[in-house]
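Each remark here refers to the structure printed beneath this line.
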Amino acid sequence: MENRIITLRDRRFAPYIPAERIHAAISEVAARINRDYKDSVRPLLLVTLSGAIVFGGELFRQLEGPFEIAFVKLSSYGAGTTSSGRVRVEVPLTADAEGRDVIIAEDVVDTGNTIHALHDMLTERGARSVRVATLLLKPDPYFRQSGRPDGPLPIDYAALEAEPRFIVGYGMDYDGLGRNLGALYTLCEE
């Protein structure tokens with residue numbers, strides 16, 4: 001199934017990154033986080049819904065120690081394939097961040113709008129530290145489009161890097177479809 005072109009609504013997607021590579025990359029991120037947080041008290045993995053649910057779940061299962069998990073839903077995408085540039089809160093933070101080490105689990109970092117908004121929110125709520133873990137980092141748009149005067153936030157844990165393409169699978173969707181795909185697919189150029 002992973003080696004064929006699939007159709008979601010009106011668009012066709014080709015295989016991009018296989019499941020085995022994704023799983024290995026997430027395990028590497030989990031090992032780094034386990035080393036970095038071995039002495040932390042009640043670190044919080046904050047999963048951004050809905051896209052990071054698959055990545056966050058697999059990452060969380062591999063974390064050692066007293067990690068807790070919480071959720072938040074921010075959105076900068078509509079029904080299309082590009083960011084609207086405006087971030088809105090759809091589901092508020094489900095845990096208290098005050099005094100805690102927080103790791104944001106994000107599906108993809110491209111424009112950086114969502115992680116910047118979330119970082120600001122967590123800082124305002126008194127988080128002790130905030131780091132970012134992402135399944136996919138699109139370095140070109142992230143570092144090029146960061147319009148913040150203080151520059152882009154560091155991406156502490158990037159499992160994989162990707163070209164600036166629209167990608168579905170492993171939690172990421174096109175108009176609500178494709179999140180359940182076990183590999184990553186990219187939009188076919190037609």
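Scheme for the structure tokens: letters A, B, ... for chains in order shown; per-chain residue numbers from 1; ligand numbers from 1 in order shown.
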
Exercise. Write out as a ChimeraX atom specification the residues lying within 12 Å of Thr123 in chain A, counting only C-alpha atoms and excluding same-chain residues fewer than 2 positions away.
Key: /A:96-102,115-121,125-131

Could you dump the residues just selected with C-alpha atoms as a PDB file, in the first residue's frame?
```pdb
ATOM      1  CA  ASP A  96      -1.298  23.542  33.838  1.00  0.00           C
ATOM      2  CA  ALA A  97       2.121  24.548  32.445  1.00  0.00           C
ATOM      3  CA  GLU A  98       3.246  26.714  35.350  1.00  0.00           C
ATOM      4  CA  GLY A  99       6.724  25.790  36.583  1.00  0.00           C
ATOM      5  CA  ARG A 100       6.985  22.824  34.213  1.00  0.00           C
ATOM      6  CA  ASP A 101       9.363  21.722  31.503  1.00  0.00           C
ATOM      7  CA  VAL A 102       7.194  21.500  28.397  1.00  0.00           C
ATOM      8  CA  ILE A 115       4.832  27.014  17.509  1.00  0.00           C
ATOM      9  CA  HIS A 116       5.540  30.712  18.033  1.00  0.00           C
ATOM     10  CA  ALA A 117       1.960  31.278  19.223  1.00  0.00           C
ATOM     11  CA  LEU A 118       2.119  28.230  21.478  1.00  0.00           C
ATOM     12  CA  HIS A 119       5.545  29.170  22.858  1.00  0.00           C
ATOM     13  CA  ASP A 120       4.214  32.635  23.739  1.00  0.00           C
ATOM     14  CA  MET A 121       1.130  31.094  25.395  1.00  0.00           C
ATOM     15  CA  ARG A 125       1.438  30.731  31.679  1.00  0.00           C
ATOM     16  CA  GLY A 126       4.719  30.337  33.538  1.00  0.00           C
ATOM     17  CA  ALA A 127       6.319  27.296  31.895  1.00  0.00           C
ATOM     18  CA  ARG A 128       9.823  26.739  33.270  1.00  0.00           C
ATOM     19  CA  SER A 129      11.130  25.777  29.832  1.00  0.00           C
ATOM     20  CA  VAL A 130       9.655  25.180  26.396  1.00  0.00           C
ATOM     21  CA  ARG A 131      11.207  23.014  23.704  1.00  0.00           C
TER      22      ARG A 131
END
```

Quiz prompt | Who sits within 10 Å of Met172 in chain A, only C-alpha atoms, same chain under 2 positions skipped, as a list of chain:residue names | solution = A:Ser50, A:Gly51, A:Ala52, A:Ile53, A:Val54, A:Phe55, A:Asp107, A:Val108, A:Phe166, A:Ile167, A:Val168, A:Gly169, A:Tyr170, A:Tyr174, A:Asp175, A:Gly176, A:Leu177, A:Gly178, A:Arg179, A:Asn180, A:Leu181, A:Leu184, A:Tyr185

Once you have the residues from the selection above, write them out as a PDB file, in the first residue's frame, restricted to N, CA, C and O atoms.
```
ATOM      1  N   SER A  50      -4.911  18.461  15.568  1.00  0.00           N
ATOM      2  CA  SER A  50      -5.110  17.046  15.439  1.00  0.00           C
ATOM      3  C   SER A  50      -3.914  16.371  14.770  1.00  0.00           C
ATOM      4  O   SER A  50      -3.718  15.170  14.870  1.00  0.00           O
ATOM      5  N   GLY A  51      -3.093  17.164  14.079  1.00  0.00           N
ATOM      6  CA  GLY A  51      -2.013  16.614  13.277  1.00  0.00           C
ATOM      7  C   GLY A  51      -0.971  15.818  14.020  1.00  0.00           C
ATOM      8  O   GLY A  51      -0.471  14.822  13.518  1.00  0.00           O
ATOM      9  N   ALA A  52      -0.597  16.221  15.220  1.00  0.00           N
ATOM     10  CA  ALA A  52       0.503  15.565  15.929  1.00  0.00           C
ATOM     11  C   ALA A  52       0.049  14.394  16.789  1.00  0.00           C
ATOM     12  O   ALA A  52       0.858  13.833  17.527  1.00  0.00           O
ATOM     13  N   ILE A  53      -1.207  14.002  16.711  1.00  0.00           N
ATOM     14  CA  ILE A  53      -1.713  12.933  17.583  1.00  0.00           C
ATOM     15  C   ILE A  53      -0.969  11.606  17.358  1.00  0.00           C
ATOM     16  O   ILE A  53      -0.639  10.908  18.316  1.00  0.00           O
ATOM     17  N   VAL A  54      -0.654  11.282  16.119  1.00  0.00           N
ATOM     18  CA  VAL A  54       0.026  10.006  15.848  1.00  0.00           C
ATOM     19  C   VAL A  54       1.482  10.094  16.295  1.00  0.00           C
ATOM     20  O   VAL A  54       1.976   9.227  17.016  1.00  0.00           O
ATOM     21  N   PHE A  55       2.176  11.152  15.894  1.00  0.00           N
ATOM     22  CA  PHE A  55       3.561  11.370  16.310  1.00  0.00           C
ATOM     23  C   PHE A  55       3.659  11.461  17.835  1.00  0.00           C
ATOM     24  O   PHE A  55       4.481  10.805  18.460  1.00  0.00           O
ATOM     25  N   ASP A 107       3.301  18.144  14.472  1.00  0.00           N
ATOM     26  CA  ASP A 107       3.431  17.261  13.314  1.00  0.00           C
ATOM     27  C   ASP A 107       4.421  17.807  12.297  1.00  0.00           C
ATOM     28  O   ASP A 107       5.312  17.121  11.845  1.00  0.00           O
ATOM     29  N   VAL A 108       4.275  19.078  11.934  1.00  0.00           N
ATOM     30  CA  VAL A 108       5.158  19.690  10.943  1.00  0.00           C
ATOM     31  C   VAL A 108       5.411  21.145  11.324  1.00  0.00           C
ATOM     32  O   VAL A 108       4.510  21.836  11.775  1.00  0.00           O
ATOM     33  N   PHE A 166       3.450  19.869   0.208  1.00  0.00           N
ATOM     34  CA  PHE A 166       2.292  19.513   1.013  1.00  0.00           C
ATOM     35  C   PHE A 166       2.324  18.009   1.242  1.00  0.00           C
ATOM     36  O   PHE A 166       2.435  17.226   0.300  1.00  0.00           O
ATOM     37  N   ILE A 167       2.245  17.609   2.521  1.00  0.00           N
ATOM     38  CA  ILE A 167       2.420  16.207   2.907  1.00  0.00           C
ATOM     39  C   ILE A 167       1.222  15.744   3.720  1.00  0.00           C
ATOM     40  O   ILE A 167       0.687  16.489   4.541  1.00  0.00           O
ATOM     41  N   VAL A 168       0.825  14.488   3.488  1.00  0.00           N
ATOM     42  CA  VAL A 168      -0.246  13.867   4.267  1.00  0.00           C
ATOM     43  C   VAL A 168       0.249  12.541   4.828  1.00  0.00           C
ATOM     44  O   VAL A 168       1.226  11.976   4.366  1.00  0.00           O
ATOM     45  N   GLY A 169      -0.482  12.049   5.827  1.00  0.00           N
ATOM     46  CA  GLY A 169      -0.169  10.772   6.449  1.00  0.00           C
ATOM     47  C   GLY A 169       0.429  10.990   7.817  1.00  0.00           C
ATOM     48  O   GLY A 169       0.844  12.091   8.183  1.00  0.00           O
ATOM     49  N   TYR A 170       0.411   9.947   8.611  1.00  0.00           N
ATOM     50  CA  TYR A 170       0.976   9.952   9.951  1.00  0.00           C
ATOM     51  C   TYR A 170       0.464  11.126  10.777  1.00  0.00           C
ATOM     52  O   TYR A 170       1.198  11.787  11.483  1.00  0.00           O
ATOM     53  N   TYR A 174      -5.269  16.131   4.363  1.00  0.00           N
ATOM     54  CA  TYR A 174      -5.748  17.018   3.317  1.00  0.00           C
ATOM     55  C   TYR A 174      -7.259  17.074   3.457  1.00  0.00           C
ATOM     56  O   TYR A 174      -7.939  16.069   3.256  1.00  0.00           O
ATOM     57  N   ASP A 175      -7.763  18.193   3.869  1.00  0.00           N
ATOM     58  CA  ASP A 175      -9.206  18.403   4.004  1.00  0.00           C
ATOM     59  C   ASP A 175      -9.859  17.290   4.831  1.00  0.00           C
ATOM     60  O   ASP A 175     -10.907  16.762   4.473  1.00  0.00           O
ATOM     61  N   GLY A 176      -9.184  16.899   5.923  1.00  0.00           N
ATOM     62  CA  GLY A 176      -9.733  15.910   6.845  1.00  0.00           C
ATOM     63  C   GLY A 176      -9.384  14.463   6.536  1.00  0.00           C
ATOM     64  O   GLY A 176      -9.675  13.578   7.340  1.00  0.00           O
ATOM     65  N   LEU A 177      -8.754  14.203   5.421  1.00  0.00           N
ATOM     66  CA  LEU A 177      -8.440  12.826   5.028  1.00  0.00           C
ATOM     67  C   LEU A 177      -6.934  12.573   5.030  1.00  0.00           C
ATOM     68  O   LEU A 177      -6.144  13.482   4.802  1.00  0.00           O
ATOM     69  N   GLY A 178      -6.555  11.312   5.264  1.00  0.00           N
ATOM     70  CA  GLY A 178      -5.170  10.886   5.160  1.00  0.00           C
ATOM     71  C   GLY A 178      -4.423  10.779   6.470  1.00  0.00           C
ATOM     72  O   GLY A 178      -3.306  10.279   6.500  1.00  0.00           O
ATOM     73  N   ARG A 179      -5.013  11.239   7.567  1.00  0.00           N
ATOM     74  CA  ARG A 179      -4.310  11.188   8.855  1.00  0.00           C
ATOM     75  C   ARG A 179      -3.936   9.750   9.244  1.00  0.00           C
ATOM     76  O   ARG A 179      -2.950   9.530   9.924  1.00  0.00           O
ATOM     77  N   ASN A 180      -4.727   8.784   8.850  1.00  0.00           N
ATOM     78  CA  ASN A 180      -4.522   7.404   9.274  1.00  0.00           C
ATOM     79  C   ASN A 180      -3.497   6.651   8.434  1.00  0.00           C
ATOM     80  O   ASN A 180      -3.209   5.490   8.721  1.00  0.00           O
ATOM     81  N   LEU A 181      -2.919   7.271   7.445  1.00  0.00           N
ATOM     82  CA  LEU A 181      -1.906   6.603   6.637  1.00  0.00           C
ATOM     83  C   LEU A 181      -0.643   6.402   7.472  1.00  0.00           C
ATOM     84  O   LEU A 181      -0.206   7.305   8.171  1.00  0.00           O
ATOM     85  N   LEU A 184       4.274   8.669   4.920  1.00  0.00           N
ATOM     86  CA  LEU A 184       4.031  10.030   4.455  1.00  0.00           C
ATOM     87  C   LEU A 184       3.955  10.060   2.938  1.00  0.00           C
ATOM     88  O   LEU A 184       4.717   9.368   2.261  1.00  0.00           O
ATOM     89  N   TYR A 185       3.024  10.862   2.444  1.00  0.00           N
ATOM     90  CA  TYR A 185       2.797  11.021   1.012  1.00  0.00           C
ATOM     91  C   TYR A 185       2.855  12.504   0.677  1.00  0.00           C
ATOM     92  O   TYR A 185       2.501  13.348   1.502  1.00  0.00           O
TER      93      TYR A 185
END
```

12 Å contact set for Ala95 in chain A, only C-alpha atoms, chain neighbours under 5 positions out, as a PDB file with C-alpha atoms, in the first residue's frame:
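Saved to out23.pdb:
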```pdb
ATOM      1  CA  ARG A  42       6.907  16.065  35.858  1.00  0.00           C
ATOM      2  CA  PRO A  43       7.887  17.085  32.320  1.00  0.00           C
ATOM      3  CA  LEU A  44       4.903  17.677  30.051  1.00  0.00           C
ATOM      4  CA  LEU A  45       4.554  16.490  26.464  1.00  0.00           C
ATOM      5  CA  LEU A  46       2.074  18.896  24.883  1.00  0.00           C
ATOM      6  CA  VAL A  47       0.602  17.386  21.725  1.00  0.00           C
ATOM      7  CA  GLU A  68       2.627  13.560  31.505  1.00  0.00           C
ATOM      8  CA  ILE A  69       0.729  14.273  28.313  1.00  0.00           C
ATOM      9  CA  ALA A  70      -1.627  17.130  27.512  1.00  0.00           C
ATOM     10  CA  PHE A  71      -3.272  18.530  24.412  1.00  0.00           C
ATOM     11  CA  VAL A  72      -4.019  21.808  22.697  1.00  0.00           C
ATOM     12  CA  ARG A 100       6.985  22.824  34.213  1.00  0.00           C
ATOM     13  CA  VAL A 102       7.194  21.500  28.397  1.00  0.00           C
ATOM     14  CA  LEU A 122       3.217  28.688  27.494  1.00  0.00           C
ATOM     15  CA  ARG A 125       1.438  30.731  31.679  1.00  0.00           C
ATOM     16  CA  ALA A 127       6.319  27.296  31.895  1.00  0.00           C
TER      17      ALA A 127
END
```

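Backbone DSSP over range 2-32 of chain A yields strand (DSSP E) at Ile6, Thr7, Leu8, Arg11, Arg12, Phe13, Ala14, Pro15, Tyr16 and Ile17 of chain A.
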
Write the residues of the selection above to a file with C-alpha atoms, as an mmCIF file, in the first residue's frame.
```cif
data_model
loop_
_atom_site.group_PDB
_atom_site.id
_atom_site.type_symbol
_atom_site.label_atom_id
_atom_site.label_comp_id
_atom_site.auth_asym_id
_atom_site.auth_seq_id
_atom_site.Cartn_x
_atom_site.Cartn_y
_atom_site.Cartn_z
ATOM 1 C CA ILE A 6 -3.379 7.413 -3.504
ATOM 2 C CA THR A 7 -6.273 9.789 -4.075
ATOM 3 C CA LEU A 8 -7.789 11.949 -1.347
ATOM 4 C CA ARG A 11 -5.878 15.301 -5.183
ATOM 5 C CA ARG A 12 -3.336 12.555 -5.851
ATOM 6 C CA PHE A 13 -0.448 11.815 -3.483
ATOM 7 C CA ALA A 14 2.743 9.815 -4.072
ATOM 8 C CA PRO A 15 4.813 7.922 -1.471
ATOM 9 C CA TYR A 16 7.383 10.190 0.206
ATOM 10 C CA ILE A 17 8.759 8.703 3.479
#
```

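Nearest to Glu189 in chain A of all the residues A:Leu59, A:His23, A:Ile5, A:Thr48 is A:Ile5, based on only C-alpha atoms.
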
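Of the residues under consideration (A:Ala105, A:Leu74, A:Ala133, A:Cys188), A:Leu74 shows the shortest atom-to-atom contact distance to Arg88 in chain A when counting only C-alpha atoms.
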
Exercise. Please provide as a PyMOL selection string all residues within 9 Å of Ala31 in chain A, with the sequence filter that same-chain residues fewer than 5 positions apart are discarded (counting only C-alpha atoms).
Key: chain A and resi 26+36+62-63

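With distances restricted to only C-alpha atoms, A:Leu153 is the closest residue to Thr111 in chain A from A:Leu153, A:Ala19, A:Leu49, A:Val29.
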
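When DSSP is run on the backbone, the residues of range 49-107 of chain A that fall into helix (DSSP H, G or I) are Ile53, Val54, Phe55, Gly56, Gly57, Glu58, Leu59, Phe60, Arg61 and Gln62 of chain A.
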
Convert the current residue selection to file output with N, CA, C and O atoms, as a PDB file, in the first residue's frame.
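part.pdb, written as the output of this step:
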```pdb
ATOM      1  N   ILE A  53      -1.207  14.002  16.711  1.00  0.00           N
ATOM      2  CA  ILE A  53      -1.713  12.933  17.583  1.00  0.00           C
ATOM      3  C   ILE A  53      -0.969  11.606  17.358  1.00  0.00           C
ATOM      4  O   ILE A  53      -0.639  10.908  18.316  1.00  0.00           O
ATOM      5  N   VAL A  54      -0.654  11.282  16.119  1.00  0.00           N
ATOM      6  CA  VAL A  54       0.026  10.006  15.848  1.00  0.00           C
ATOM      7  C   VAL A  54       1.482  10.094  16.295  1.00  0.00           C
ATOM      8  O   VAL A  54       1.976   9.227  17.016  1.00  0.00           O
ATOM      9  N   PHE A  55       2.176  11.152  15.894  1.00  0.00           N
ATOM     10  CA  PHE A  55       3.561  11.370  16.310  1.00  0.00           C
ATOM     11  C   PHE A  55       3.659  11.461  17.835  1.00  0.00           C
ATOM     12  O   PHE A  55       4.481  10.805  18.460  1.00  0.00           O
ATOM     13  N   GLY A  56       2.802  12.272  18.444  1.00  0.00           N
ATOM     14  CA  GLY A  56       2.826  12.447  19.890  1.00  0.00           C
ATOM     15  C   GLY A  56       2.572  11.158  20.637  1.00  0.00           C
ATOM     16  O   GLY A  56       3.209  10.878  21.654  1.00  0.00           O
ATOM     17  N   GLY A  57       1.637  10.354  20.147  1.00  0.00           N
ATOM     18  CA  GLY A  57       1.341   9.073  20.794  1.00  0.00           C
ATOM     19  C   GLY A  57       2.513   8.118  20.745  1.00  0.00           C
ATOM     20  O   GLY A  57       2.860   7.488  21.748  1.00  0.00           O
ATOM     21  N   GLU A  58       3.149   8.014  19.573  1.00  0.00           N
ATOM     22  CA  GLU A  58       4.293   7.108  19.466  1.00  0.00           C
ATOM     23  C   GLU A  58       5.470   7.616  20.290  1.00  0.00           C
ATOM     24  O   GLU A  58       6.155   6.837  20.960  1.00  0.00           O
ATOM     25  N   LEU A  59       5.698   8.916  20.261  1.00  0.00           N
ATOM     26  CA  LEU A  59       6.774   9.493  21.057  1.00  0.00           C
ATOM     27  C   LEU A  59       6.534   9.268  22.548  1.00  0.00           C
ATOM     28  O   LEU A  59       7.425   8.822  23.276  1.00  0.00           O
ATOM     29  N   PHE A  60       5.322   9.533  23.001  1.00  0.00           N
ATOM     30  CA  PHE A  60       4.980   9.396  24.417  1.00  0.00           C
ATOM     31  C   PHE A  60       5.200   7.973  24.925  1.00  0.00           C
ATOM     32  O   PHE A  60       5.695   7.770  26.030  1.00  0.00           O
ATOM     33  N   ARG A  61       4.858   6.979  24.111  1.00  0.00           N
ATOM     34  CA  ARG A  61       5.048   5.582  24.519  1.00  0.00           C
ATOM     35  C   ARG A  61       6.516   5.248  24.772  1.00  0.00           C
ATOM     36  O   ARG A  61       6.826   4.345  25.529  1.00  0.00           O
ATOM     37  N   GLN A  62       7.423   5.995  24.159  1.00  0.00           N
ATOM     38  CA  GLN A  62       8.846   5.704  24.293  1.00  0.00           C
ATOM     39  C   GLN A  62       9.552   6.576  25.336  1.00  0.00           C
ATOM     40  O   GLN A  62      10.742   6.396  25.577  1.00  0.00           O
TER      41      GLN A  62
END
```

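By chain and then residue number, the residues within 9 Å of Glu163 in chain A are Leu137, Lys138, Pro139, Asp140, Pro141, Glu161, Arg165 and Phe166 of chain A, counting only C-alpha atoms and disregarding those fewer than 2 positions away in sequence.
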
Write the residues you've just listed into a file as a PDB file, in the first residue's frame, and include N, CA and C atoms for each of them.
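And here is the file that came out, result_3.pdb:
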```pdb
ATOM      1  N   LEU A 137      10.357  18.814   9.902  1.00  0.00           N
ATOM      2  CA  LEU A 137      10.794  20.197   9.819  1.00  0.00           C
ATOM      3  C   LEU A 137      11.012  20.507   8.350  1.00  0.00           C
ATOM      4  N   LYS A 138      10.396  21.585   7.899  1.00  0.00           N
ATOM      5  CA  LYS A 138      10.644  22.089   6.550  1.00  0.00           C
ATOM      6  C   LYS A 138      11.548  23.314   6.713  1.00  0.00           C
ATOM      7  N   PRO A 139      12.878  23.103   6.696  1.00  0.00           N
ATOM      8  CA  PRO A 139      13.799  24.175   7.049  1.00  0.00           C
ATOM      9  C   PRO A 139      13.711  25.396   6.138  1.00  0.00           C
ATOM     10  N   ASP A 140      13.538  25.190   4.854  1.00  0.00           N
ATOM     11  CA  ASP A 140      13.531  26.331   3.948  1.00  0.00           C
ATOM     12  C   ASP A 140      12.416  27.324   4.272  1.00  0.00           C
ATOM     13  N   PRO A 141      11.162  26.897   4.322  1.00  0.00           N
ATOM     14  CA  PRO A 141      10.142  27.896   4.668  1.00  0.00           C
ATOM     15  C   PRO A 141      10.248  28.383   6.106  1.00  0.00           C
ATOM     16  N   GLU A 161      13.458  15.848   8.161  1.00  0.00           N
ATOM     17  CA  GLU A 161      13.352  17.097   7.414  1.00  0.00           C
ATOM     18  C   GLU A 161      12.680  16.795   6.085  1.00  0.00           C
ATOM     19  N   ARG A 165       6.882  20.891   0.594  1.00  0.00           N
ATOM     20  CA  ARG A 165       5.794  20.283  -0.162  1.00  0.00           C
ATOM     21  C   ARG A 165       4.630  20.035   0.774  1.00  0.00           C
ATOM     22  N   PHE A 166       3.450  19.869   0.208  1.00  0.00           N
ATOM     23  CA  PHE A 166       2.292  19.513   1.013  1.00  0.00           C
ATOM     24  C   PHE A 166       2.324  18.009   1.242  1.00  0.00           C
TER      25      PHE A 166
END
```

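Between CA of Pro164 in chain A and CA of Asp110 in chain A the interatomic distance comes to 7.6 Å.
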